[in-house]
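Scroll down for the structure; my scribbles are underneath it.
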2 protein chains.
Amino acid sequence: MSLFKKSAIPVIGLALVASIAVAGSHGAGPHDAAIKARQSQMKLYAFNLGMLGAMAKGEMEYNAETAAGAAENLAKLSTMSMAAAWPQGSDNSAVDGTRALPAIWEKYPDIVEKSKAMSEAAATLADVAGTDLDALRGAIGDVGKACGGCHKPYRAEES
Amino acid sequence: MSLFKKSAIPVIGLALVASIAVAGSHGAGPHDAAIKARQSQMKLYAFNLGMLGAMAKGEMEYNAETAAGAAENLAKLSTMSMAAAWPQGSDNSAVDGTRALPAIWEKYPDIVEKSKAMSEAAATLADVAGTDLDALRGAIGDVGKACGGCHKPYRAEES
């Protein structure tokens, strides 16, 4: 099975690949760079979804270009090849600094389904977010649901 | 001028938009979320380019799918709409926790050129990285050069 795909189906998953110490890793752990990379992806999700959510709630003025750009960012993030950022042994029972539960690796095929749901919801949102506020409001819920689809079963509570 | 585009030309730039406090911002500063978002983008650049660089140098075995995925990630990152992550007043003379020089905002059109160079270099690399190691080696240099194109004039030294 291919862990890195160019297709629209994102593969966040498994980690038959070794964790690689890359530029930007200053920590002590062998998985620090990988953990930072996946957390960076999550931060970019949060930043872009935060803007869209603020517009949807009326806390920020709707702007079609801003909305379209942010939604397009989510779609790009959701189709990135992130397998290298999820090496085995980088769960929260093995290392500090992550809330990723071991179940991620134990139930891998489920993660593929969840991430597919995210890329589909993000693509739908990207298609309509620049149309108008109602269209944005109609599509953003499924993206939030897709976030929760992974976070609820696979992420530890904040300690 | 549009700050958020869906075109292939990335607009990292200007920040006529207000800085938005979004989910994930726990800091004290109004620009914390924006700064974290742009730093997250940079970390993802570094992680993916790190893998490709390791392959190019022979420090990691070349794998066509891994290389193609990482290069495609760079291309996606380089075309994200990041204007909201660069609000005015978020330079290193105004706030802590960033190495972004005020010149970024003073010389804005230059940044657009630099980021265009990055998206072009990343697209070229994405086209060939999965072909073979020689093709990867031939295209990775321009990506590194494009990183430096912004970092040299617009990023403070690490203190």
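Just so we're on the same page: first chain in the structure tokens is A, next is B, and so on; residues restart at 1 for each chain, and ligands are numbered from 1 in the order they show up.
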
Could you please select, counting only C-alpha atoms, the residues of chain B within 6 Å of chain A and state them as a PyMOL selection string?
-> chain B and resi 4+22-23+37+40+44+46-47+50+65-66+69+73+80-81

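For Asn92 of chain A, the non-local neighbours within 7 Å, defined as residues at least 5 positions apart in the same chain or in other chains and counting only C-alpha atoms, are A:Thr98, A:Arg99, A:Ala100, A:Leu101, A:Pro102.
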
Where does DSSP see alpha helix (DSSP H) in segment 24-108 of chain A, if you list the residues as number ranges by chain?
-> A: 32-56, 64-78, 103-106, 108

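Distances to Ile111 of chain A were evaluated for A:His151, A:Ala126, A:Gly138, A:Leu133 using only C-alpha atoms, and the minimum falls at A:His151.
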
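In this structure, atom CA of His31 of chain B sits 18.3 Å away from atom CA of Glu106 of chain B.
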
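If you look at atom CA of Met118 of chain B and atom CA of Thr131 of chain B, they are 20.7 Å away from each other.
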